[in-house]
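Shown next: upload17.cif, containing mmCIF, C-alpha atoms.
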```cif
data_start
#
loop_
_atom_site.group_PDB
_atom_site.id
_atom_site.type_symbol
_atom_site.label_atom_id
_atom_site.label_comp_id
_atom_site.auth_asym_id
_atom_site.auth_seq_id
_atom_site.Cartn_x
_atom_site.Cartn_y
_atom_site.Cartn_z
ATOM 1 C CA MET A 1 -48.157 8.830 22.855
ATOM 2 C CA LEU A 2 -44.857 7.212 23.752
ATOM 3 C CA PHE A 3 -41.331 8.441 23.104
ATOM 4 C CA ALA A 4 -38.696 5.769 22.458
ATOM 5 C CA ASN A 5 -34.922 5.996 22.031
ATOM 6 C CA LYS A 6 -31.806 4.134 23.215
ATOM 7 C CA ASP A 7 -32.368 5.391 26.771
ATOM 8 C CA GLU A 8 -36.145 5.693 27.123
ATOM 9 C CA ASN A 9 -38.465 2.759 26.316
ATOM 10 C CA LYS A 10 -35.454 0.854 24.993
ATOM 11 C CA ASP A 11 -37.365 -2.338 24.189
ATOM 12 C CA LEU A 12 -39.799 -0.490 21.945
ATOM 13 C CA PHE A 13 -36.982 1.454 20.289
ATOM 14 C CA TRP A 14 -35.032 -1.690 19.381
ATOM 15 C CA ALA A 15 -38.202 -3.514 18.334
ATOM 16 C CA LEU A 16 -39.024 -0.701 15.916
ATOM 17 C CA CYS A 17 -35.444 -0.722 14.616
ATOM 18 C CA GLY A 18 -35.499 -4.354 13.637
ATOM 19 C CA GLY A 19 -38.537 -6.168 14.906
ATOM 20 C CA GLY A 20 -40.755 -5.787 11.890
ATOM 21 C CA HIS A 21 -44.250 -4.381 11.693
ATOM 22 C CA GLY A 22 -47.187 -4.458 14.072
ATOM 23 C CA LEU A 23 -45.432 -2.770 16.995
ATOM 24 C CA GLY A 24 -47.002 0.641 16.735
ATOM 25 C CA VAL A 25 -47.336 3.678 14.557
ATOM 26 C CA VAL A 26 -44.371 5.990 14.198
ATOM 27 C CA THR A 27 -45.614 9.546 13.738
ATOM 28 C CA SER A 28 -42.224 11.253 13.729
ATOM 29 C CA PHE A 29 -38.597 10.413 14.212
ATOM 30 C CA GLY A 30 -35.322 12.235 14.628
ATOM 31 C CA PHE A 31 -31.887 11.292 13.436
ATOM 32 C CA ARG A 32 -28.372 12.657 13.336
ATOM 33 C CA LEU A 33 -26.586 13.367 10.099
ATOM 34 C CA HIS A 34 -22.898 12.770 9.633
ATOM 35 C CA ARG A 35 -20.883 14.636 7.037
ATOM 36 C CA VAL A 36 -19.649 12.341 4.267
ATOM 37 C CA GLY A 37 -17.554 13.192 1.243
ATOM 38 C CA PRO A 38 -18.132 14.512 -1.257
ATOM 39 C CA THR A 39 -15.195 12.179 -2.054
ATOM 40 C CA VAL A 40 -14.574 8.943 -0.155
ATOM 41 C CA TYR A 41 -12.248 6.000 -0.727
ATOM 42 C CA GLY A 42 -14.290 3.066 -1.900
ATOM 43 C CA GLY A 43 -15.436 0.710 -4.582
ATOM 44 C CA MET A 44 -15.050 -3.013 -5.115
ATOM 45 C CA LEU A 45 -12.412 -5.704 -4.874
ATOM 46 C CA ILE A 46 -13.353 -8.794 -6.840
ATOM 47 C CA TYR A 47 -11.822 -12.199 -6.191
ATOM 48 C CA GLN A 48 -12.446 -15.531 -7.913
ATOM 49 C CA GLY A 49 -15.055 -17.650 -6.155
ATOM 50 C CA ASP A 50 -12.735 -20.587 -5.603
ATOM 51 C CA SER A 51 -10.648 -18.453 -3.228
ATOM 52 C CA PHE A 52 -13.589 -18.340 -0.756
ATOM 53 C CA HIS A 53 -11.861 -20.258 2.055
ATOM 54 C CA THR A 54 -8.882 -17.906 1.914
ATOM 55 C CA VAL A 55 -10.571 -14.566 1.261
ATOM 56 C CA VAL A 56 -13.785 -14.635 3.307
ATOM 57 C CA PRO A 57 -12.466 -15.707 6.754
ATOM 58 C CA GLU A 58 -9.535 -13.289 6.497
ATOM 59 C CA ALA A 59 -11.762 -10.427 5.329
ATOM 60 C CA ILE A 60 -14.068 -11.015 8.297
ATOM 61 C CA LYS A 61 -11.103 -10.912 10.718
ATOM 62 C CA LEU A 62 -9.883 -7.666 9.156
ATOM 63 C CA MET A 63 -13.359 -6.109 9.338
ATOM 64 C CA GLU A 64 -13.598 -6.890 13.043
ATOM 65 C CA LYS A 65 -10.416 -4.855 13.657
ATOM 66 C CA SER A 66 -11.211 -2.011 11.252
ATOM 67 C CA PRO A 67 -12.165 1.533 12.290
ATOM 68 C CA ASP A 68 -15.832 2.555 12.366
ATOM 69 C CA GLU A 69 -15.334 4.784 9.314
ATOM 70 C CA LEU A 70 -14.926 1.668 7.152
ATOM 71 C CA PHE A 71 -17.993 -0.150 5.916
ATOM 72 C CA LEU A 72 -17.601 -3.242 3.787
ATOM 73 C CA LEU A 73 -19.914 -5.962 2.612
ATOM 74 C CA ILE A 74 -18.871 -9.338 1.257
ATOM 75 C CA VAL A 75 -21.130 -10.450 -1.583
ATOM 76 C CA LEU A 76 -20.907 -13.920 -3.092
ATOM 77 C CA SER A 77 -22.255 -13.801 -6.607
ATOM 78 C CA THR A 78 -21.840 -14.935 -10.198
ATOM 79 C CA ALA A 79 -19.903 -12.639 -12.506
ATOM 80 C CA PRO A 80 -22.138 -10.954 -15.077
ATOM 81 C CA PRO A 81 -20.847 -10.163 -18.569
ATOM 82 C CA ALA A 82 -19.871 -6.686 -17.386
ATOM 83 C CA PRO A 83 -17.186 -4.716 -19.248
ATOM 84 C CA PHE A 84 -15.160 -4.119 -16.069
ATOM 85 C CA LEU A 85 -14.725 -7.880 -15.498
ATOM 86 C CA PRO A 86 -12.237 -10.072 -17.380
ATOM 87 C CA ARG A 87 -14.015 -12.314 -19.901
ATOM 88 C CA GLU A 88 -12.758 -15.458 -18.199
ATOM 89 C CA MET A 89 -14.739 -14.496 -15.091
ATOM 90 C CA HIS A 90 -18.078 -14.086 -16.885
ATOM 91 C CA GLY A 91 -20.522 -16.703 -15.609
ATOM 92 C CA ASN A 92 -18.178 -17.898 -12.854
ATOM 93 C CA LYS A 93 -18.503 -17.487 -9.110
ATOM 94 C CA MET A 94 -16.933 -14.359 -7.645
ATOM 95 C CA ILE A 95 -16.401 -12.755 -4.256
ATOM 96 C CA VAL A 96 -17.040 -9.020 -4.157
ATOM 97 C CA ILE A 97 -15.855 -6.888 -1.263
ATOM 98 C CA VAL A 98 -17.735 -3.641 -1.705
ATOM 99 C CA GLY A 99 -17.809 -0.545 0.461
ATOM 100 C CA GLY A 100 -15.832 2.452 1.465
ATOM 101 C CA TYR A 101 -14.066 4.533 4.049
ATOM 102 C CA MET A 102 -16.097 7.525 5.189
ATOM 103 C CA GLY A 103 -13.150 9.618 6.343
ATOM 104 C CA ASP A 104 -10.148 11.129 4.577
ATOM 105 C CA PRO A 105 -9.689 9.237 1.256
ATOM 106 C CA LYS A 106 -5.893 9.051 1.761
ATOM 107 C CA GLN A 107 -6.376 7.410 5.127
ATOM 108 C CA GLY A 108 -9.032 5.148 3.588
ATOM 109 C CA GLU A 109 -6.536 3.851 1.056
ATOM 110 C CA GLN A 110 -4.289 2.684 3.911
ATOM 111 C CA VAL A 111 -7.195 1.147 5.837
ATOM 112 C CA VAL A 112 -8.382 -0.812 2.770
ATOM 113 C CA LEU A 113 -4.881 -1.961 1.733
ATOM 114 C CA PRO A 114 -4.886 -5.235 3.751
ATOM 115 C CA PHE A 115 -8.085 -6.305 1.956
ATOM 116 C CA LYS A 116 -6.163 -6.127 -1.324
ATOM 117 C CA HIS A 117 -3.728 -8.808 -0.178
ATOM 118 C CA LEU A 118 -6.114 -11.593 0.835
ATOM 119 C CA ASP A 119 -5.410 -13.510 -2.374
ATOM 120 C CA LYS A 120 -4.709 -12.681 -5.996
ATOM 121 C CA PHE A 121 -7.646 -10.500 -6.915
ATOM 122 C CA LYS A 122 -8.981 -10.119 -10.396
ATOM 123 C CA VAL A 123 -10.377 -6.601 -10.239
ATOM 124 C CA ASP A 124 -9.419 -3.651 -8.032
ATOM 125 C CA MET A 125 -11.974 -0.876 -8.316
ATOM 126 C CA MET A 126 -11.067 0.804 -5.010
ATOM 127 C CA ALA A 127 -10.144 4.463 -5.446
ATOM 128 C CA PRO A 128 -11.145 7.966 -4.384
ATOM 129 C CA ILE A 129 -14.729 8.185 -5.616
ATOM 130 C CA PRO A 130 -17.681 10.553 -5.189
ATOM 131 C CA TYR A 131 -19.911 9.236 -2.417
ATOM 132 C CA LEU A 132 -22.936 9.230 -4.726
ATOM 133 C CA SER A 133 -21.061 7.068 -7.254
ATOM 134 C CA LEU A 134 -20.167 4.621 -4.498
ATOM 135 C CA GLN A 135 -23.851 4.359 -3.619
ATOM 136 C CA SER A 136 -24.750 3.412 -7.205
ATOM 137 C CA LEU A 137 -22.122 0.645 -7.631
ATOM 138 C CA PRO A 138 -24.586 -2.214 -6.981
ATOM 139 C CA ASN A 139 -26.772 -1.017 -9.865
ATOM 140 C CA GLU A 140 -24.546 -2.867 -12.356
ATOM 141 C CA PHE A 141 -25.480 -6.143 -10.661
ATOM 142 C CA ASN A 142 -29.177 -5.331 -10.220
ATOM 143 C CA PRO A 143 -30.521 -4.102 -13.551
ATOM 144 C CA PRO A 144 -34.166 -3.037 -13.929
ATOM 145 C CA GLY A 145 -36.508 -5.954 -14.559
ATOM 146 C CA ILE A 146 -34.859 -8.333 -12.119
ATOM 147 C CA HIS A 147 -37.505 -9.278 -9.575
ATOM 148 C CA ASN A 148 -35.661 -9.757 -6.305
ATOM 149 C CA TYR A 149 -36.577 -11.876 -3.331
ATOM 150 C CA TRP A 150 -34.560 -11.036 -0.237
ATOM 151 C CA LYS A 151 -34.270 -13.090 2.915
ATOM 152 C CA ASN A 152 -32.069 -12.208 5.880
ATOM 153 C CA HIS A 153 -30.666 -14.147 8.782
ATOM 154 C CA TYR A 154 -28.380 -12.608 11.346
ATOM 155 C CA ILE A 155 -25.666 -14.971 12.511
ATOM 156 C CA SER A 156 -23.590 -13.681 15.392
ATOM 157 C CA ASN A 157 -20.626 -16.001 14.886
ATOM 158 C CA LEU A 158 -19.442 -17.068 11.443
ATOM 159 C CA THR A 159 -17.659 -20.236 12.532
ATOM 160 C CA PRO A 160 -15.721 -22.350 10.006
ATOM 161 C CA GLU A 161 -18.691 -24.756 9.906
ATOM 162 C CA VAL A 162 -21.129 -21.938 9.121
ATOM 163 C CA LEU A 163 -18.820 -20.609 6.403
ATOM 164 C CA ASP A 164 -18.506 -24.112 4.917
ATOM 165 C CA ASN A 165 -22.308 -24.282 4.653
ATOM 166 C CA VAL A 166 -22.518 -20.786 3.182
ATOM 167 C CA TYR A 167 -19.934 -21.786 0.582
ATOM 168 C CA LYS A 168 -21.659 -25.068 -0.277
ATOM 169 C CA TYR A 169 -25.120 -23.581 -0.777
ATOM 170 C CA TRP A 170 -23.800 -20.561 -2.670
ATOM 171 C CA TYR A 171 -21.473 -22.531 -4.927
ATOM 172 C CA ASP A 172 -24.142 -25.162 -5.676
ATOM 173 C CA SER A 173 -26.854 -22.580 -6.362
ATOM 174 C CA PRO A 174 -28.421 -23.240 -9.772
ATOM 175 C CA SER A 175 -29.235 -19.593 -10.477
ATOM 176 C CA PRO A 176 -26.577 -17.100 -11.575
ATOM 177 C CA LEU A 177 -28.707 -14.411 -9.909
ATOM 178 C CA THR A 178 -28.294 -15.828 -6.396
ATOM 179 C CA GLU A 179 -26.245 -13.587 -4.113
ATOM 180 C CA VAL A 180 -25.190 -14.290 -0.552
ATOM 181 C CA ALA A 181 -23.746 -11.737 1.862
ATOM 182 C CA PRO A 182 -22.239 -13.605 4.831
#
```
This structure in structure tokens:
Amino acid sequence: MLFANKDENKDLFWALCGGGHGLGVVTSFGFRLHRVGPTVYGGMLIYQGDSFHTVVPEAIKLMEKSPDELFLLIVLSTAPPAPFLPREMHGNKMIVIVGGYMGDPKQGEQVVLPFKHLDKFKVDMMAPIPYLSLQSLPNEFNPPGIHNYWKNHYISNLTPEVLDNVYKYWYDSPSPLTEVAP
């Protein structure tokens, strides 16, 4: 039996964390819990898809400078006919910045504020929210019966050329169910 962590048998530890299957059998594991909530500052900011070249590069720059308590994900999608979205957005491309601040909600509001000024946004759903509600936000976009296929690529540097390609393939996607998270 072998014990692996960040300090002992590092290669095996990192392989098990992200290397896929076939590397061994894990019989037990330990982890640390971090207190969260019950209320956090989080939700979604939704921008129109045609503001991609303004919103996405600036959001990435802001994320790089943000504190560890903030987690955000940029999702490029097509607006569903959801009641929280303006009708004129339904069926059109949208940029969703979703996530939250896992510290004091008042401090989170200040940390998230710059993300609200990237462009004119259509929907601001960022507010103090129960952590469990934050975790269920994506459910609106992934209703039961949708059979998902997920594929991941990790790109260490989102250069302007990479972002141009992301934009092109997302914007030209024929399916309204295609989502991209750069």
| field | Hits from the PyMOL selection byres ((chain A and resi 61-67) around 12), listed as a PyMOL selection string | value | chain A and resi 54-60+68-74+97+99-103+107-108+110-118+157-159
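Residues within 10 Å of Pro80 (chain A), counting all atoms listed in the file and excluding same-chain residues fewer than 2 positions away, are Ser77, Thr78, Ala82, Pro83, Phe84, Leu85, Arg87, Met89, His90, Gly91, Asn92, Lys93, Met94, Glu140, Phe141, Pro176 and Leu177 of chain A.
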| request: Kindly give the distance, in Å, that separates CA of Ala4 (chain A) and CA of Leu33 (chain A), rounded to a single decimal. | output: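 Between CA of Ala4 (chain A) and CA of Leu33 (chain A) the gap is 18.9 Å.
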| Which residue, A:Ser136, A:Gly42, A:His53, A:Glu179, has the smallest gap to Trp150 (chain A) when you use only C-alpha atoms? | A:Glu179
| request: Work out how far apart CA of Thr178 (chain A) and CA of Pro130 (chain A) are and give it in Å to one decimal. | output: 28.5 Å
| note | From the list A:Tyr131, A:Asn152, A:Val36, A:Tyr169, the nearest residue to Gly18 (chain A) using all atoms listed in the file is A:Asn152
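Nearest to Gly37 (chain A) of all the residues A:Val162, A:Val123, A:Ile146, A:Leu134 is A:Leu134, counting all atoms listed in the file.
The space separating CA of Trp170 (chain A) from CA of Asn139 (chain A) comes to 21.0 Å.
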Provide an axis-aligned box for all listed atoms of region 131-146 of chain A, padding each side by 5 Å; report its centre and its edge lengths in Å to one decimal, as AutoDock Vina command-line options.
```
--center_x -28.2 --center_y 0.5 --center_z -8.5 --size_x 26.6 --size_y 27.6 --size_z 22.1
```
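Closest to Glu109 (chain A) among A:Tyr171, A:Phe121, A:Tyr149, A:Tyr41 is A:Tyr41, based on all atoms listed in the file.
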| field | Who sits within 9 Å of Ser51 (chain A), all atoms listed in the file, same chain under 6 positions skipped, as a list in words | value |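 Listing them by chain and then by number gives Met94, Ile95, Asp119 and Lys120 of chain A.
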| field | Shortest interatomic distance to Pro86 (chain A) - which of A:Asp104, A:Asp7, A:Asp124, A:Asp50, counting only C-alpha atoms | value |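 Of A:Asp104, A:Asp7, A:Asp124, A:Asp50, the one nearest Pro86 (chain A) is A:Asp124, counting only C-alpha atoms.
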| query | For Ile46 (chain A), which residue out of A:Pro138, A:Ala181, A:Val166, A:Leu76 is the nearest one, using all atoms listed in the file? | reply |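 Nearest candidate to Ile46 (chain A) out of A:Pro138, A:Ala181, A:Val166, A:Leu76: A:Leu76.
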